[in-house]
Amino acid sequence: MDLDFSADQRDFRDQVRTWLHENKPRDERPRAAAGIREYDLAWQRTQFEGGWAGISWPTEYGGRGLSLIDQLIWFEEYGRAGLPSVDANFVGLNHAGPTLMTRARDEQKAQHLRPILAGEVVWCQGFSEPGAGSDLASLSARAEIDGDELVVSGQKIWTSFAHVADWQELLVRTSRTGSKHQGITWVICDMHSPGIDVRPIRTMDGEAEFCEVFYDEVRIPLSSVVGDVDQGWSVAMSTLSFERGTAFTAGQVRLASTVEQLIELARERTGPDGRRPAIADDELARRLATARAEVAALRAMTYVGISRSARTGTPGPEGSIVKLYYSEMVKQVARLAMDILGPDGLRYVSRWIPGGWSGNYLYSYSQTIGGGTSEVQRNIIGDRILGLPR
């Protein structure tokens, strides 16, 4: 692995930095879900029209067809510029789109990929259920084949932005014979279909990004199945490998920036002894230094993963290491912020507002749940990477 960047890649970084500075959104990001949808789609359209959407997506789908290293550079500069996360577009851009590129039929690609990249549609993920979260293969939302349609009934939960989504990557059980990993089908679901009821869930940070979704005999064309009926588990694993791959790179850069902000905050605020700055407290200083070092280690692990993906063509299980480390780091840094704030941290400030450390702390708990819990990631690492006995 070569950790150095070529002259062309350094030039590309300069181009990315310049374009982002000149074209980044100037308006404040709304907090309401409908406003976030339109804001995120508009920003995605700006990138697409400027020729900066889908850095590593093939040109036939509207991307630039560049390397994973170029994609890494884009994510790094995006995060360094402090630009908004791609919340409403996350599923479409980071795993629905890549999954369709590698596993879908040509007509499915033609219908869905360009609208995702052009900022025309929002996707959500229908994987987890009340009884099938960490044990995803235990999902029970059923789909019966009726002619040329699937008839879906059941429930999904923790579906981000389902209330503003157009399409969903949906896992359903089409057969109960064989092991629980068999008989699962990955299907494209139109979220405007009759029989779908979406109910937002207000979480402890006061926001309602997550939803539960109910399906009452929802009819989906069989032509919307990606892969084969009953063979959706391998497609789902492709989806999750993309989700746990490079998708968090911009977030890692923002996390590094957050650590630096905390160091400045510790210089400004009075520490636990009530006399000296917080950074003069040995324990707080140690934790800040450790956080800075661990963010650097996280970046190194990401470089390793991207280098390996560039050689193999697909993300491997090593993405779970990055996902686990990143999720745990987000929580640690958020807790550190609260300890620096002391009693002032009890005053709630939304994470969407500058200085919203308390809102960010409450939201941080979702990071070790979404995309596969930390326990799941540890199992994957032990099984598929370390080869530990089950």
# chains A, B, ... in the order shown; residues from 1 in each chain; ligands from 1
$ residues_around --residues "region 199-210 of chain A" --least-positions-apart "3" --cutoff "8 Å" --atoms "only C-alpha atoms" --output "list in words"
Ala33, Ile157, Trp158, Thr159, Ser160, Phe161, Ala162, His163, Val213, Ser350, Gly359, Asn360, Leu362 and Tyr363 of chain A
$ write_last_selection --atoms "N, CA and C atoms" --output "PDB file, in the first residue's frame"
ATOM      1  N   ALA A  33     -38.005  17.579   8.638  1.00  0.00           N
ATOM      2  CA  ALA A  33     -37.641  16.518   7.699  1.00  0.00           C
ATOM      3  C   ALA A  33     -37.876  16.921   6.248  1.00  0.00           C
ATOM      4  N   ILE A 157     -38.477  -1.040  11.184  1.00  0.00           N
ATOM      5  CA  ILE A 157     -38.263  -0.002  12.185  1.00  0.00           C
ATOM      6  C   ILE A 157     -36.875   0.615  12.030  1.00  0.00           C
ATOM      7  N   TRP A 158     -36.707   1.801  12.614  1.00  0.00           N
ATOM      8  CA  TRP A 158     -35.458   2.558  12.556  1.00  0.00           C
ATOM      9  C   TRP A 158     -35.084   2.905  11.107  1.00  0.00           C
ATOM     10  N   THR A 159     -36.102   3.221  10.311  1.00  0.00           N
ATOM     11  CA  THR A 159     -35.889   3.536   8.902  1.00  0.00           C
ATOM     12  C   THR A 159     -35.701   5.042   8.755  1.00  0.00           C
ATOM     13  N   SER A 160     -34.461   5.467   8.592  1.00  0.00           N
ATOM     14  CA  SER A 160     -34.151   6.898   8.510  1.00  0.00           C
ATOM     15  C   SER A 160     -34.805   7.532   7.286  1.00  0.00           C
ATOM     16  N   PHE A 161     -35.481   8.665   7.506  1.00  0.00           N
ATOM     17  CA  PHE A 161     -36.076   9.489   6.455  1.00  0.00           C
ATOM     18  C   PHE A 161     -37.115   8.739   5.612  1.00  0.00           C
ATOM     19  N   ALA A 162     -37.729   7.701   6.192  1.00  0.00           N
ATOM     20  CA  ALA A 162     -38.777   6.986   5.459  1.00  0.00           C
ATOM     21  C   ALA A 162     -39.954   7.898   5.141  1.00  0.00           C
ATOM     22  N   HIS A 163     -40.212   8.891   6.014  1.00  0.00           N
ATOM     23  CA  HIS A 163     -41.366   9.773   5.823  1.00  0.00           C
ATOM     24  C   HIS A 163     -41.183  10.764   4.676  1.00  0.00           C
ATOM     25  N   VAL A 213     -42.235   1.587   9.757  1.00  0.00           N
ATOM     26  CA  VAL A 213     -42.997   1.477   8.522  1.00  0.00           C
ATOM     27  C   VAL A 213     -43.831   0.203   8.567  1.00  0.00           C
ATOM     28  N   SER A 350     -29.783  21.688  20.255  1.00  0.00           N
ATOM     29  CA  SER A 350     -29.864  20.767  19.124  1.00  0.00           C
ATOM     30  C   SER A 350     -28.512  20.608  18.438  1.00  0.00           C
ATOM     31  N   GLY A 359     -27.056  17.995  22.270  1.00  0.00           N
ATOM     32  CA  GLY A 359     -27.819  17.284  21.254  1.00  0.00           C
ATOM     33  C   GLY A 359     -26.974  16.257  20.537  1.00  0.00           C
ATOM     34  N   ASN A 360     -25.725  16.609  20.266  1.00  0.00           N
ATOM     35  CA  ASN A 360     -24.802  15.681  19.616  1.00  0.00           C
ATOM     36  C   ASN A 360     -24.518  14.475  20.510  1.00  0.00           C
ATOM     37  N   LEU A 362     -26.558  13.144  22.799  1.00  0.00           N
ATOM     38  CA  LEU A 362     -27.712  12.253  22.788  1.00  0.00           C
ATOM     39  C   LEU A 362     -27.804  11.482  21.476  1.00  0.00           C
ATOM     40  N   TYR A 363     -27.518  12.144  20.371  1.00  0.00           N
ATOM     41  CA  TYR A 363     -27.590  11.481  19.062  1.00  0.00           C
ATOM     42  C   TYR A 363     -26.490  10.435  18.893  1.00  0.00           C
TER      43      TYR A 363
END
$ closest_residue --among "A:Thr368, A:Ser257, A:Thr177, A:Gln9" --to "Gly82 (chain A)" --atoms "only C-alpha atoms"
A:Ser257
$ closest_residue --among "A:Gly133, A:Gly178, A:Pro317, A:Pro25" --to "Arg384 (chain A)" --atoms "only C-alpha atoms"
A:Pro317
$ select_by_dssp --residues "region 85-282 of chain A" --states "strand (DSSP E or B)" --output "PyMOL selection string"
chain A and resi 123-126+129+132+142-146+149-156+167-173+184-190+196-201+210-221+225-226+231+270+277
$ closest_atom_pairs --of "region 51-78 of chain A" --to "region 111-116 of chain A" --cutoff "10 Å" --atoms "only C-alpha atoms" --output "Markdown table"
| residue | atom | partner | partner_atom | distance |
| --- | --- | --- | --- | --- |
| A:Ala53 | CA | A:Ile116 | CA | 10.0 |
| A:Gly54 | CA | A:Ile116 | CA | 9.7 |
| A:Trp57 | CA | A:Leu113 | CA | 9.7 |
| A:Glu60 | CA | A:Arg114 | CA | 8.8 |
| A:Tyr61 | CA | A:Arg114 | CA | 5.4 |
| A:Gly62 | CA | A:Arg114 | CA | 6.0 |
| A:Gly63 | CA | A:Arg114 | CA | 8.7 |
$ closest_residue --among "A:Tyr365, A:Trp19, A:Phe5, A:Tyr348" --to "Arg335 (chain A)" --atoms "only C-alpha atoms"
A:Tyr365
$ residues_around --residues "region 84-87 of chain A" --least-positions-apart "6" --cutoff "10 Å" --atoms "only C-alpha atoms" --output "PyMOL selection string"
chain A and resi 24-25+28-29+36-37+39-41+43-44+78+93-94+122+160-161+209+248+250-251+254+352
$ select_by_dssp --residues "region 209-258 of chain A" --states "helix (DSSP H, G or I)" --output "short mmCIF file (atom, residue, chain, number, x, y, z; two decimals) with N, CA and C atoms, in the first residue's frame"
data_model
loop_
_atom_site.label_atom_id
_atom_site.label_comp_id
_atom_site.auth_asym_id
_atom_site.auth_seq_id
_atom_site.Cartn_x
_atom_site.Cartn_y
_atom_site.Cartn_z
N LEU A 222 -42.69 -8.10 -9.39
CA LEU A 222 -41.56 -9.02 -9.30
C LEU A 222 -40.35 -8.49 -10.04
N SER A 223 -40.58 -7.63 -11.01
CA SER A 223 -39.47 -7.03 -11.75
C SER A 223 -38.63 -6.12 -10.88
N SER A 224 -39.11 -5.82 -9.66
CA SER A 224 -38.36 -4.97 -8.73
C SER A 224 -37.41 -5.76 -7.83
N GLY A 232 -31.80 -13.15 -1.48
CA GLY A 232 -31.49 -11.76 -1.15
C GLY A 232 -30.46 -11.56 -0.06
N TRP A 233 -30.11 -12.63 0.67
CA TRP A 233 -29.15 -12.45 1.77
C TRP A 233 -27.79 -11.99 1.25
N SER A 234 -27.34 -12.60 0.16
CA SER A 234 -26.04 -12.20 -0.38
C SER A 234 -26.09 -10.77 -0.93
N VAL A 235 -27.24 -10.37 -1.48
CA VAL A 235 -27.38 -8.99 -1.94
C VAL A 235 -27.34 -8.04 -0.75
N ALA A 236 -28.00 -8.42 0.35
CA ALA A 236 -27.99 -7.60 1.56
C ALA A 236 -26.58 -7.46 2.12
N MET A 237 -25.78 -8.53 2.05
CA MET A 237 -24.41 -8.46 2.54
C MET A 237 -23.58 -7.51 1.67
N SER A 238 -23.87 -7.46 0.37
CA SER A 238 -23.21 -6.49 -0.50
C SER A 238 -23.57 -5.07 -0.05
N THR A 239 -24.86 -4.86 0.23
CA THR A 239 -25.32 -3.55 0.69
C THR A 239 -24.59 -3.12 1.94
N LEU A 240 -24.52 -4.01 2.92
CA LEU A 240 -23.89 -3.66 4.20
C LEU A 240 -22.39 -3.47 4.06
N SER A 241 -21.75 -4.18 3.13
CA SER A 241 -20.31 -3.97 2.93
C SER A 241 -20.04 -2.58 2.39
N PHE A 242 -20.93 -2.07 1.54
CA PHE A 242 -20.77 -0.70 1.05
C PHE A 242 -21.02 0.29 2.18
N GLU A 243 -22.05 0.02 2.98
CA GLU A 243 -22.38 0.92 4.07
C GLU A 243 -21.24 1.04 5.07
N THR A 249 -16.12 8.38 5.60
CA THR A 249 -14.86 9.13 5.52
C THR A 249 -15.05 10.60 5.84
N ALA A 250 -16.08 11.24 5.24
CA ALA A 250 -16.33 12.65 5.53
C ALA A 250 -16.64 12.83 7.01
N GLY A 251 -17.39 11.88 7.59
CA GLY A 251 -17.69 11.95 9.01
C GLY A 251 -16.44 11.85 9.86
N GLN A 252 -15.46 11.06 9.41
CA GLN A 252 -14.20 10.96 10.15
C GLN A 252 -13.45 12.29 10.16
N VAL A 253 -13.47 12.98 9.02
CA VAL A 253 -12.81 14.28 8.97
C VAL A 253 -13.52 15.27 9.89
N ARG A 254 -14.86 15.23 9.88
CA ARG A 254 -15.61 16.10 10.79
C ARG A 254 -15.32 15.75 12.24
N LEU A 255 -15.14 14.45 12.51
CA LEU A 255 -14.82 14.04 13.88
C LEU A 255 -13.46 14.59 14.30
N ALA A 256 -12.49 14.56 13.39
CA ALA A 256 -11.18 15.15 13.70
C ALA A 256 -11.32 16.63 14.00
N SER A 257 -12.15 17.32 13.22
CA SER A 257 -12.38 18.75 13.46
C SER A 257 -13.07 18.97 14.80
N THR A 258 -13.98 18.07 15.16
CA THR A 258 -14.67 18.18 16.44
C THR A 258 -13.68 18.07 17.60
#
$ atom_distance --atom1 "CA of Gly51 (chain A)" --atom2 "CA of Asp106 (chain A)"
23.4 Å
$ closest_residue --among "A:Gly370, A:Pro30, A:Gly195, A:Gly126" --to "Leu170 (chain A)" --atoms "only C-alpha atoms"
A:Gly126
$ atom_distance --atom1 "CA of Arg142 (chain A)" --atom2 "CA of Trp123 (chain A)"
20.9 Å
$ closest_atom_pairs --of "region 279-332 of chain A" --to "region 271-275 of chain A" --cutoff "12 Å" --atoms "only C-alpha atoms" --output "tab-separated table"
residue	atom	partner	partner_atom	distance
A:Ile279	CA	A:Gly271	CA	7.1
A:Ala280	CA	A:Gly271	CA	7.3
A:Asp281	CA	A:Gly271	CA	6.5
A:Asp282	CA	A:Gly271	CA	10.2
A:Glu283	CA	A:Pro272	CA	10.2
A:Leu284	CA	A:Gly271	CA	8.7
A:Ala285	CA	A:Gly271	CA	10.6
$ write_last_selection --atoms "C-alpha atoms" --output "PDB file, in the first residue's frame"
ATOM      1  CA  ILE A 279      -7.164  21.578  29.500  1.00  0.00           C
ATOM      2  CA  ALA A 280      -4.937  21.963  32.565  1.00  0.00           C
ATOM      3  CA  ASP A 281      -6.708  18.994  34.133  1.00  0.00           C
ATOM      4  CA  ASP A 282      -4.429  16.000  33.559  1.00  0.00           C
ATOM      5  CA  GLU A 283      -7.238  13.526  32.903  1.00  0.00           C
ATOM      6  CA  LEU A 284      -9.087  15.754  30.429  1.00  0.00           C
ATOM      7  CA  ALA A 285      -5.810  16.564  28.659  1.00  0.00           C
TER       8      ALA A 285
END
$ closest_residue --among "A:Arg219, A:Ser128, A:Val91, A:Ile145" --to "Ala165 (chain A)" --atoms "only C-alpha atoms"
A:Val91
$ atom_distance --atom1 "CA of Gly50 (chain A)" --atom2 "CA of Ala110 (chain A)"
21.4 Å
$ decode --residues "region 148-169 of chain A" --atoms "N, CA, C and O atoms" --output "PDB file, in the first residue's frame"
ATOM      1  N   ASP A 148     -47.470 -11.819 -11.098  1.00  0.00           N
ATOM      2  CA  ASP A 148     -46.205 -11.129 -11.343  1.00  0.00           C
ATOM      3  C   ASP A 148     -45.928 -10.062 -10.293  1.00  0.00           C
ATOM      4  O   ASP A 148     -45.208  -9.096 -10.546  1.00  0.00           O
ATOM      5  N   GLU A 149     -46.485 -10.264  -9.091  1.00  0.00           N
ATOM      6  CA  GLU A 149     -46.286  -9.304  -8.008  1.00  0.00           C
ATOM      7  C   GLU A 149     -45.923 -10.010  -6.707  1.00  0.00           C
ATOM      8  O   GLU A 149     -46.245 -11.194  -6.504  1.00  0.00           O
ATOM      9  N   LEU A 150     -45.241  -9.282  -5.833  1.00  0.00           N
ATOM     10  CA  LEU A 150     -45.051  -9.662  -4.444  1.00  0.00           C
ATOM     11  C   LEU A 150     -46.074  -8.903  -3.611  1.00  0.00           C
ATOM     12  O   LEU A 150     -46.262  -7.689  -3.810  1.00  0.00           O
ATOM     13  N   VAL A 151     -46.716  -9.581  -2.679  1.00  0.00           N
ATOM     14  CA  VAL A 151     -47.662  -8.927  -1.776  1.00  0.00           C
ATOM     15  C   VAL A 151     -47.034  -8.921  -0.387  1.00  0.00           C
ATOM     16  O   VAL A 151     -46.860  -9.985   0.232  1.00  0.00           O
ATOM     17  N   VAL A 152     -46.668  -7.746   0.093  1.00  0.00           N
ATOM     18  CA  VAL A 152     -45.848  -7.599   1.298  1.00  0.00           C
ATOM     19  C   VAL A 152     -46.697  -7.147   2.481  1.00  0.00           C
ATOM     20  O   VAL A 152     -47.478  -6.191   2.375  1.00  0.00           O
ATOM     21  N   SER A 153     -46.530  -7.814   3.615  1.00  0.00           N
ATOM     22  CA  SER A 153     -47.159  -7.413   4.873  1.00  0.00           C
ATOM     23  C   SER A 153     -46.136  -7.569   5.992  1.00  0.00           C
ATOM     24  O   SER A 153     -45.343  -8.513   5.991  1.00  0.00           O
ATOM     25  N   GLY A 154     -46.148  -6.642   6.936  1.00  0.00           N
ATOM     26  CA  GLY A 154     -45.200  -6.709   8.048  1.00  0.00           C
ATOM     27  C   GLY A 154     -44.806  -5.325   8.520  1.00  0.00           C
ATOM     28  O   GLY A 154     -45.508  -4.334   8.268  1.00  0.00           O
ATOM     29  N   GLN A 155     -43.666  -5.257   9.195  1.00  0.00           N
ATOM     30  CA  GLN A 155     -43.218  -4.007   9.798  1.00  0.00           C
ATOM     31  C   GLN A 155     -41.706  -3.888   9.730  1.00  0.00           C
ATOM     32  O   GLN A 155     -40.980  -4.876   9.867  1.00  0.00           O
ATOM     33  N   LYS A 156     -41.220  -2.674   9.516  1.00  0.00           N
ATOM     34  CA  LYS A 156     -39.803  -2.335   9.630  1.00  0.00           C
ATOM     35  C   LYS A 156     -39.667  -1.189  10.629  1.00  0.00           C
ATOM     36  O   LYS A 156     -40.627  -0.442  10.888  1.00  0.00           O
ATOM     37  N   ILE A 157     -38.477  -1.040  11.184  1.00  0.00           N
ATOM     38  CA  ILE A 157     -38.263  -0.002  12.185  1.00  0.00           C
ATOM     39  C   ILE A 157     -36.875   0.615  12.030  1.00  0.00           C
ATOM     40  O   ILE A 157     -36.000   0.032  11.386  1.00  0.00           O
ATOM     41  N   TRP A 158     -36.707   1.801  12.614  1.00  0.00           N
ATOM     42  CA  TRP A 158     -35.458   2.558  12.556  1.00  0.00           C
ATOM     43  C   TRP A 158     -35.084   2.905  11.107  1.00  0.00           C
ATOM     44  O   TRP A 158     -33.926   2.865  10.730  1.00  0.00           O
ATOM     45  N   THR A 159     -36.102   3.221  10.311  1.00  0.00           N
ATOM     46  CA  THR A 159     -35.889   3.536   8.902  1.00  0.00           C
ATOM     47  C   THR A 159     -35.701   5.042   8.755  1.00  0.00           C
ATOM     48  O   THR A 159     -36.669   5.807   8.803  1.00  0.00           O
ATOM     49  N   SER A 160     -34.461   5.467   8.592  1.00  0.00           N
ATOM     50  CA  SER A 160     -34.151   6.898   8.510  1.00  0.00           C
ATOM     51  C   SER A 160     -34.805   7.532   7.286  1.00  0.00           C
ATOM     52  O   SER A 160     -34.717   7.000   6.178  1.00  0.00           O
ATOM     53  N   PHE A 161     -35.481   8.665   7.506  1.00  0.00           N
ATOM     54  CA  PHE A 161     -36.076   9.489   6.455  1.00  0.00           C
ATOM     55  C   PHE A 161     -37.115   8.739   5.612  1.00  0.00           C
ATOM     56  O   PHE A 161     -37.387   9.122   4.483  1.00  0.00           O
ATOM     57  N   ALA A 162     -37.729   7.701   6.192  1.00  0.00           N
ATOM     58  CA  ALA A 162     -38.777   6.986   5.459  1.00  0.00           C
ATOM     59  C   ALA A 162     -39.954   7.898   5.141  1.00  0.00           C
ATOM     60  O   ALA A 162     -40.628   7.724   4.124  1.00  0.00           O
ATOM     61  N   HIS A 163     -40.212   8.891   6.014  1.00  0.00           N
ATOM     62  CA  HIS A 163     -41.366   9.773   5.823  1.00  0.00           C
ATOM     63  C   HIS A 163     -41.183  10.764   4.676  1.00  0.00           C
ATOM     64  O   HIS A 163     -42.145  11.442   4.301  1.00  0.00           O
ATOM     65  N   VAL A 164     -39.978  10.839   4.121  1.00  0.00           N
ATOM     66  CA  VAL A 164     -39.761  11.734   2.973  1.00  0.00           C
ATOM     67  C   VAL A 164     -39.134  10.986   1.806  1.00  0.00           C
ATOM     68  O   VAL A 164     -38.670  11.598   0.844  1.00  0.00           O
ATOM     69  N   ALA A 165     -39.111   9.639   1.874  1.00  0.00           N
ATOM     70  CA  ALA A 165     -38.421   8.836   0.858  1.00  0.00           C
ATOM     71  C   ALA A 165     -39.344   8.488  -0.308  1.00  0.00           C
ATOM     72  O   ALA A 165     -40.565   8.381  -0.165  1.00  0.00           O
ATOM     73  N   ASP A 166     -38.724   8.308  -1.471  1.00  0.00           N
ATOM     74  CA  ASP A 166     -39.437   7.873  -2.672  1.00  0.00           C
ATOM     75  C   ASP A 166     -39.315   6.372  -2.898  1.00  0.00           C
ATOM     76  O   ASP A 166     -40.245   5.738  -3.396  1.00  0.00           O
ATOM     77  N   TRP A 167     -38.146   5.823  -2.562  1.00  0.00           N
ATOM     78  CA  TRP A 167     -37.863   4.407  -2.796  1.00  0.00           C
ATOM     79  C   TRP A 167     -37.225   3.802  -1.550  1.00  0.00           C
ATOM     80  O   TRP A 167     -36.648   4.515  -0.729  1.00  0.00           O
ATOM     81  N   GLN A 168     -37.315   2.486  -1.478  1.00  0.00           N
ATOM     82  CA  GLN A 168     -36.745   1.777  -0.329  1.00  0.00           C
ATOM     83  C   GLN A 168     -36.078   0.489  -0.784  1.00  0.00           C
ATOM     84  O   GLN A 168     -36.620  -0.236  -1.636  1.00  0.00           O
ATOM     85  N   GLU A 169     -34.901   0.224  -0.223  1.00  0.00           N
ATOM     86  CA  GLU A 169     -34.290  -1.096  -0.365  1.00  0.00           C
ATOM     87  C   GLU A 169     -34.877  -1.956   0.751  1.00  0.00           C
ATOM     88  O   GLU A 169     -34.631  -1.711   1.924  1.00  0.00           O
TER      89      GLU A 169
END
